[in-house]
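Source file: coords37.txt; contents: compact mmCIF, C-alpha atoms.
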# COMPACT_ATOMS: atom_id res chain seq x y z
CA PRO A 1 132.20 126.30 78.62
CA ASN A 2 130.14 124.98 81.55
CA GLY A 3 127.15 124.15 79.38
CA GLY A 4 128.00 120.45 79.02
CA PRO A 5 129.90 118.23 76.61
CA LEU A 6 128.14 119.71 73.58
CA ALA A 7 129.52 123.17 74.21
CA GLY A 8 131.27 124.11 70.98
CA LEU A 9 133.42 127.14 71.71
CA VAL A 10 135.42 128.53 74.60
CA VAL A 11 137.52 131.69 74.40
CA GLY A 12 139.83 133.39 76.89
CA ALA A 13 143.19 135.07 77.39
CA LEU A 14 146.21 134.97 79.70
CA TRP A 15 148.64 137.81 80.34
CA GLN A 16 152.28 137.66 81.45
CA GLY A 17 153.70 141.16 81.60
CA THR A 18 153.15 142.62 78.14
CA ASP A 19 152.74 139.21 76.49
CA VAL A 20 149.35 137.71 75.84
CA ALA A 21 148.21 134.20 74.97
CA VAL A 22 144.74 133.86 73.51
CA TRP A 23 143.14 130.43 73.51
CA VAL A 24 140.18 129.24 71.50
CA GLY A 25 138.54 125.85 71.98
CA ASP A 26 136.37 124.12 69.38
CA GLY A 27 135.23 121.21 71.52
CA LYS A 28 137.98 118.74 70.60
CA GLN A 29 141.06 120.95 70.64
CA LEU A 30 142.39 124.06 72.36
CA HIS A 31 144.32 126.41 70.09
CA LEU A 32 146.71 128.93 71.65
CA PHE A 33 147.84 132.10 69.89
CA TYR A 34 150.91 133.82 71.36
CA ASN A 35 150.89 137.62 70.90
CA PRO A 36 148.54 137.40 67.90
CA PRO A 37 148.46 140.28 65.41
CA SER A 38 145.68 142.84 65.66
CA SER A 39 144.45 141.97 62.18
CA GLY A 40 144.72 139.18 59.67
CA ALA A 41 144.49 135.43 60.18
CA PRO A 42 147.03 134.28 62.81
CA SER A 43 148.32 130.74 63.06
CA PRO A 44 148.15 128.97 66.44
CA SER A 45 151.46 128.66 68.26
CA LEU A 46 150.22 125.51 70.00
CA THR A 47 147.26 123.16 69.72
CA LEU A 48 146.29 120.96 72.64
CA THR A 49 144.30 117.83 71.77
CA TRP A 50 142.66 115.21 73.99
CA ASP A 51 143.90 111.61 73.82
CA ASP A 52 141.24 110.46 71.38
CA PRO A 53 139.74 113.39 69.46
CA ALA A 54 137.61 110.95 67.45
CA ALA A 55 135.67 109.88 70.56
CA SER A 56 132.33 111.68 70.64
CA THR A 57 132.39 112.23 74.41
CA GLU A 58 135.88 113.75 74.60
CA MET A 59 135.08 117.44 74.42
CA ILE A 60 136.35 120.39 76.45
CA THR A 61 133.76 121.36 79.07
CA ALA A 62 135.63 123.94 81.16
CA VAL A 63 138.74 126.13 81.12
CA ALA A 64 140.26 128.25 83.89
CA SER A 65 143.34 130.46 84.13
CA VAL A 66 145.41 129.63 87.21
CA SER A 67 148.71 130.76 88.71
CA TRP A 68 151.40 128.23 89.60
CA GLU A 69 154.44 129.53 91.52
CA GLY A 70 153.90 132.97 90.03
CA ALA A 71 153.61 131.76 86.45
CA PRO A 72 150.39 131.49 84.45
CA ALA A 73 148.91 128.09 83.71
CA LEU A 74 145.79 126.79 82.07
CA ALA A 75 143.44 124.19 83.59
CA VAL A 76 141.26 122.32 81.11
CA GLY A 77 138.37 119.99 81.98
CA CYS A 78 136.86 117.20 79.89
CA SER A 79 133.99 115.82 81.95
CA GLN A 80 133.38 112.71 79.83
CA CYS A 81 136.94 111.84 78.93
CA ALA A 82 138.30 108.31 79.04
CA PRO A 83 140.67 107.33 81.88
CA LEU A 84 144.28 108.46 81.98
CA PRO A 85 146.91 106.01 80.64
CA GLY A 86 147.18 104.24 84.02
CA GLY A 87 143.56 103.13 83.76
CA GLY A 88 140.48 103.89 85.82
CA PRO A 89 136.69 103.80 85.77
CA VAL A 90 134.61 104.28 82.63
CA LEU A 91 134.47 107.91 81.45
CA PRO A 92 135.57 109.40 84.77
CA GLY A 93 136.33 112.86 83.41
CA VAL A 94 139.81 114.37 83.30
CA VAL A 95 141.40 117.69 84.27
CA ARG A 96 144.80 118.69 82.91
CA VAL A 97 146.89 121.68 83.96
CA PHE A 98 149.16 123.03 81.25
CA LEU A 99 152.03 124.94 82.82
CA ALA A 100 153.67 128.17 81.67
CA ALA A 101 155.84 126.74 78.90
CA ASP A 102 152.79 125.19 77.25
CA VAL A 103 150.85 128.43 77.43
CA PHE A 104 153.51 130.92 76.35
CA GLY A 105 156.11 128.80 74.54
CA GLY A 106 159.83 129.52 74.72
CA VAL A 107 161.97 128.32 77.61
CA ASP A 108 160.40 125.70 79.87
CA LEU A 109 160.18 127.37 83.28
CA PHE A 110 159.63 123.99 84.99
CA PRO A 111 161.70 121.43 83.01
CA ASP A 112 161.50 118.79 85.74
CA VAL A 113 157.75 119.06 86.24
CA THR A 114 155.26 117.02 84.25
CA ASP A 115 152.00 118.78 83.50
CA PRO A 116 149.62 117.60 86.24
CA ALA A 117 146.48 115.62 85.42
CA ALA A 118 143.75 114.00 87.48
CA GLN A 119 140.59 112.00 86.81
CA GLY A 120 137.30 111.28 88.55
CA GLN A 121 137.07 108.52 91.10
CA THR A 122 133.95 106.81 89.77
CA ALA A 123 132.44 106.01 86.39
CA ASN A 124 130.60 108.89 84.72
CA SER A 125 131.54 111.25 87.55
CA ARG A 126 131.79 114.25 85.20
CA PHE A 127 135.02 115.33 86.87
CA GLY A 128 136.01 118.58 85.15
CA GLN A 129 132.46 119.67 84.33
CA SER A 130 133.36 123.09 85.75
CA LEU A 131 136.53 124.87 86.86
CA ALA A 132 137.15 128.06 88.83
CA ALA A 133 140.39 129.54 90.15
CA PHE A 134 141.03 131.39 93.41
CA SER A 135 143.36 134.38 93.31
CA ASP A 136 146.06 132.45 95.21
CA GLY A 137 146.14 129.71 92.57
CA ARG A 138 143.90 127.06 94.10
CA LEU A 139 141.54 125.34 91.71
CA ALA A 140 137.90 124.31 92.25
CA ILE A 141 136.86 121.32 90.13
CA GLY A 142 133.22 120.38 89.66
CA SER A 143 132.39 116.66 89.49
CA ALA A 144 128.70 116.86 88.74
CA GLY A 145 127.97 113.18 88.20
CA SER A 146 129.22 111.75 91.50
CA LEU A 147 126.27 110.89 93.75
CA GLY A 148 124.70 114.30 94.39
CA GLY A 149 127.67 116.00 92.78
CA GLN A 150 130.98 117.09 94.28
CA VAL A 151 133.37 120.00 94.14
CA TRP A 152 137.04 119.39 94.77
CA VAL A 153 139.46 122.15 95.80
CA THR A 154 143.10 121.50 95.09
CA ASN A 155 146.49 123.02 94.33
CA PRO A 156 147.17 122.96 90.56
CA ASP A 157 150.72 121.61 90.89
CA SER A 158 149.70 118.13 92.06
CA LEU A 159 145.93 117.66 91.75
CA THR A 160 146.23 115.01 94.45
CA SER A 161 145.47 116.61 97.84
CA MET A 162 141.86 117.72 97.63
CA SER A 163 139.11 118.93 99.93
CA LEU A 164 135.57 118.36 98.82
CA LEU A 165 132.03 119.65 99.08
CA ALA A 166 129.40 116.96 98.43
CA GLY A 167 125.83 117.41 97.24
CA SER A 168 122.74 115.31 97.88
CA ASN A 169 119.52 114.15 96.20
CA SER A 170 121.15 113.96 92.76
CA ALA A 171 121.62 117.73 92.77
CA ARG A 172 124.43 117.63 90.20
CA LEU A 173 126.33 119.98 92.51
CA GLY A 174 129.42 121.26 90.72
CA TRP A 175 127.82 121.59 87.30
CA ALA A 176 128.93 125.21 87.59
CA THR A 177 131.44 126.94 89.89
CA ALA A 178 132.54 130.53 90.40
CA ILE A 179 134.78 132.47 92.78
CA GLY A 180 133.95 135.87 94.23
CA ASP A 181 133.31 137.94 97.34
CA PRO A 182 129.55 138.66 97.23
CA ASN A 183 129.34 139.48 100.94
CA ALA A 184 132.29 141.93 100.73
CA ASN A 185 134.13 140.50 103.76
CA GLY A 186 137.49 140.40 101.98
CA THR A 187 137.52 136.61 101.61
CA GLN A 188 136.88 134.81 98.35
CA ASP A 189 133.87 132.51 98.42
CA LEU A 190 133.14 129.39 96.39
CA ILE A 191 129.76 129.58 94.64
CA VAL A 192 128.45 126.25 93.34
CA GLY A 193 125.51 125.42 91.10
CA GLY A 194 123.40 122.26 91.46
CA PRO A 195 120.81 122.46 88.64
CA GLU A 196 118.96 119.24 89.57
CA ALA A 197 118.59 119.88 93.31
CA LEU A 198 115.34 118.59 94.81
CA PHE A 199 113.09 120.67 97.03
CA GLY A 200 110.27 118.41 98.13
CA THR A 201 109.54 116.32 95.07
CA SER A 202 110.42 118.97 92.47
CA ARG A 203 113.77 119.73 90.90
CA PHE A 204 114.14 123.49 91.21
CA GLY A 205 117.93 123.65 91.18
CA MET A 206 120.06 125.71 93.54
CA ILE A 207 123.29 127.55 94.18
CA ARG A 208 125.28 127.26 97.41
CA THR A 209 128.09 129.26 98.95
CA GLY A 210 129.61 129.89 102.36
CA TYR A 211 132.35 127.29 102.77
CA GLU A 212 135.78 127.66 104.32
CA VAL A 213 138.51 126.67 101.90
CA PRO A 214 141.90 125.82 103.48
CA PRO A 215 144.86 128.02 102.49
CA ALA A 216 146.96 127.13 99.48
CA GLY A 217 149.50 124.40 100.20
CA THR A 218 147.64 123.12 103.26
CA LEU A 219 144.72 121.30 101.66
CA PRO A 220 143.69 118.19 103.60
CA SER A 221 141.76 115.30 102.07
CA THR A 222 138.70 116.14 104.17
CA PRO A 223 135.35 117.80 103.46
CA LEU A 224 135.15 121.57 103.33
CA THR A 225 133.83 123.21 106.52
CA PRO A 226 130.65 125.32 106.42
CA VAL A 227 131.06 128.83 107.81
CA PRO A 228 128.62 129.84 110.60
CA SER A 229 126.05 131.15 108.12
CA PRO A 230 126.29 129.32 104.78
CA TRP A 231 123.42 130.01 102.43
CA TYR A 232 121.72 128.65 99.37
CA MET A 233 119.28 129.99 96.82
CA GLN A 234 116.48 127.88 95.36
CA GLY A 235 115.50 128.16 91.72
CA PRO A 236 112.15 129.36 90.30
CA GLY A 237 109.49 127.20 88.69
CA GLY A 238 110.34 125.54 85.41
CA ALA A 239 109.06 123.33 82.65
CA GLY A 240 108.77 119.55 82.82
CA SER A 241 110.25 117.02 85.22
CA LEU A 242 113.75 118.47 84.90
CA GLY A 243 112.70 121.83 86.34
CA PRO A 244 114.37 125.14 85.47
CA ARG A 245 117.95 123.84 85.95
CA PHE A 246 118.71 126.87 88.11
CA GLY A 247 122.47 126.79 88.73
CA GLN A 248 123.49 125.29 85.39
CA ALA A 249 125.70 128.34 84.90
CA VAL A 250 127.15 130.65 87.57
CA ALA A 251 129.28 133.78 87.23
CA VAL A 252 130.42 136.59 89.52
CA GLY A 253 130.96 140.24 88.65
CA ASP A 254 130.04 143.83 89.51
CA ILE A 255 127.00 144.25 87.28
CA ASN A 256 125.48 147.43 88.72
CA GLY A 257 128.68 149.39 89.37
CA ASP A 258 128.46 149.47 93.17
CA TYR A 259 131.93 147.91 93.59
CA LEU A 260 130.39 144.75 95.07
CA ASP A 261 130.35 141.28 93.52
CA ASP A 262 127.00 140.19 92.12
CA ILE A 263 126.07 136.57 91.39
CA LEU A 264 124.60 135.68 87.99
CA VAL A 265 122.79 132.36 87.72
CA GLY A 266 121.57 130.61 84.59
CA ALA A 267 118.23 128.75 84.56
CA PRO A 268 117.77 127.68 80.92
CA ARG A 269 114.54 125.74 81.56
CA ALA A 270 112.77 128.46 83.57
CA MET A 271 109.39 129.49 82.23
CA ASP A 272 110.83 132.28 80.10
CA GLY A 273 114.49 131.25 80.31
CA ALA A 274 116.86 133.16 82.55
Using C-alpha cells, write down the structure from this file.
Amino acid sequence: PNGGPLAGLVVGALWQGTDVAVWVGDGKQLHLFYNPPSSGAPSPSLTLTWDDPAASTEMITAVASVSWEGAPALAVGCSQCAPLPGGGPVLPGVVRVFLAADVFGGVDLFPDVTDPAAQGQTANSRFGQSLAAFSDGRLAIGSAGSLGGQVWVTNPDSLTSMSLLAGSNSARLGWATAIGDPNANGTQDLIVGGPEALFGTSRFGMIRTGYEVPPAGTLPSTPLTPVPSPWYMQGPGGAGSLGPRFGQAVAVGDINGDYLDDILVGAPRAMDGA
C-alpha cells in the first residue's frame, strides 16, 4: 500500500477475540468482511468509499491497524485526496480512522464519537502516504510531499495533537514508515524512508531511525527529539536522475529467526532492483 497512488490492492486483517475482520482495498474502496466463510464467495459487511471515487487521484495509499481505548480501529490514508468538507489546500491528503463499530459492525462502542479525520497542511503534501502503528495505539503518518517530507505522530482518537519529524533536500521523508525494535532495547523505534534524499548531488535515498516519541496521550505539537545516537542508511547506486529510490518501502520483521527485528528496505530503481 505504500507504493503510491497507483497501488491497486491492499489486504489485511483485524482480530477481536475470536472474531476477525478482513479488509481488501481496490484503490477506490475498502471492503470489510466480518468473519468470512472459509470457502465460497463472501459478501462484504461494509464498504468504505472516499468522498469522490470518480476522482483519479483519490486512491487508498496506506492502511494500518490501530488500537483505540482497547478496541480495534482502522486508519486509512489517501495521500492525494481532496480537502475535508471544511475546506483546505489543494489535494492535501487525508487520513481517516474508522473506529470499532465500523470495523466489526454490531453495537457502536463509541456512539458519541465521530470517526476522526485529518488532512495535510499544505497543497500536495501527500499526507497519508504511509501509516504505521505503535503497540500502544499511537499512529505515525507520512506526509511525503511537504518540503523535504514529514512524519507526524499522533493519537488516533483526535488526530490533532501531533509531533513531527521533518526531512530536508526534497528527501520525500515519510514515503514509507515502519515500527520495530531493531536494536533490541525494548523500545519501539520509528523507521522512516526518504527515497529522494540527496547525498552530494545524487539522489540515493535513505532510511532514518532513532527518534524519541512521546508517550501516548502526552503528544506535544513540537518536533520529535533525536536520541543520543540516531542513525541513517544511505541507498546504493541507481539508474537515472531519480536514483534507486532506496526507502520507497520499509518493513520490519524477524527474517533470519534470531528473535531480533530486521529492517527490509525497497529500492525499486537500484541497478538490479531490490
Figure out the distance between CA of Leu91 in chain A and CA of Ala118 in chain A, please, to one decimal in Å. 12.6 Å
Up to 7 Å from (150.6, 121.3, 86.6) in the file's coordinates: name the residues, counting all atoms listed in the file, as a ChimeraX atom specification. /A:97-99,114-116,156-158
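Straight-line separation from CA of Val94 in chain A to CA of Tyr232 in chain A: 28.1 Å.
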Contacts of Gly247 in chain A at 7 Å or less, counting only C-alpha atoms, minus same-chain residues fewer than 4 places along, as number ranges by chain? A: 176, 193-195, 205-207, 265-267
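Restricting the calculation to all atoms listed in the file, the smallest distance between Arg203 in chain A and any of A:Pro182, A:Gly167, A:Gly142, A:Gly243 is found for A:Gly243.
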May I ask which of the residues A:Val63, A:Leu74, A:Ala171, A:Ile179 is the closest one to Phe204 in chain A, counting only C-alpha atoms? A:Ala171
A straight line from CA of Met233 in chain A to CA of Ala64 in chain A spans 24.7 Å
Shell of 6 Å around Val153 in chain A, only C-alpha atoms, local chain residues under 6 positions omitted, as JSON, numbers by chain: {"A": [139, 140, 162, 163]}
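Using all atoms listed in the file, the nearest neighbour of Trp175 in chain A within the list A:Pro92, A:Gly128, A:Gly253, A:Pro44 is A:Gly128.
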From (129.7, 143.9, 94.3), in the file's coordinates, out to 10 Å: which residues are reached, counting all atoms listed in the file? Answer as a ChimeraX atom specification. /A:180-184,252-263
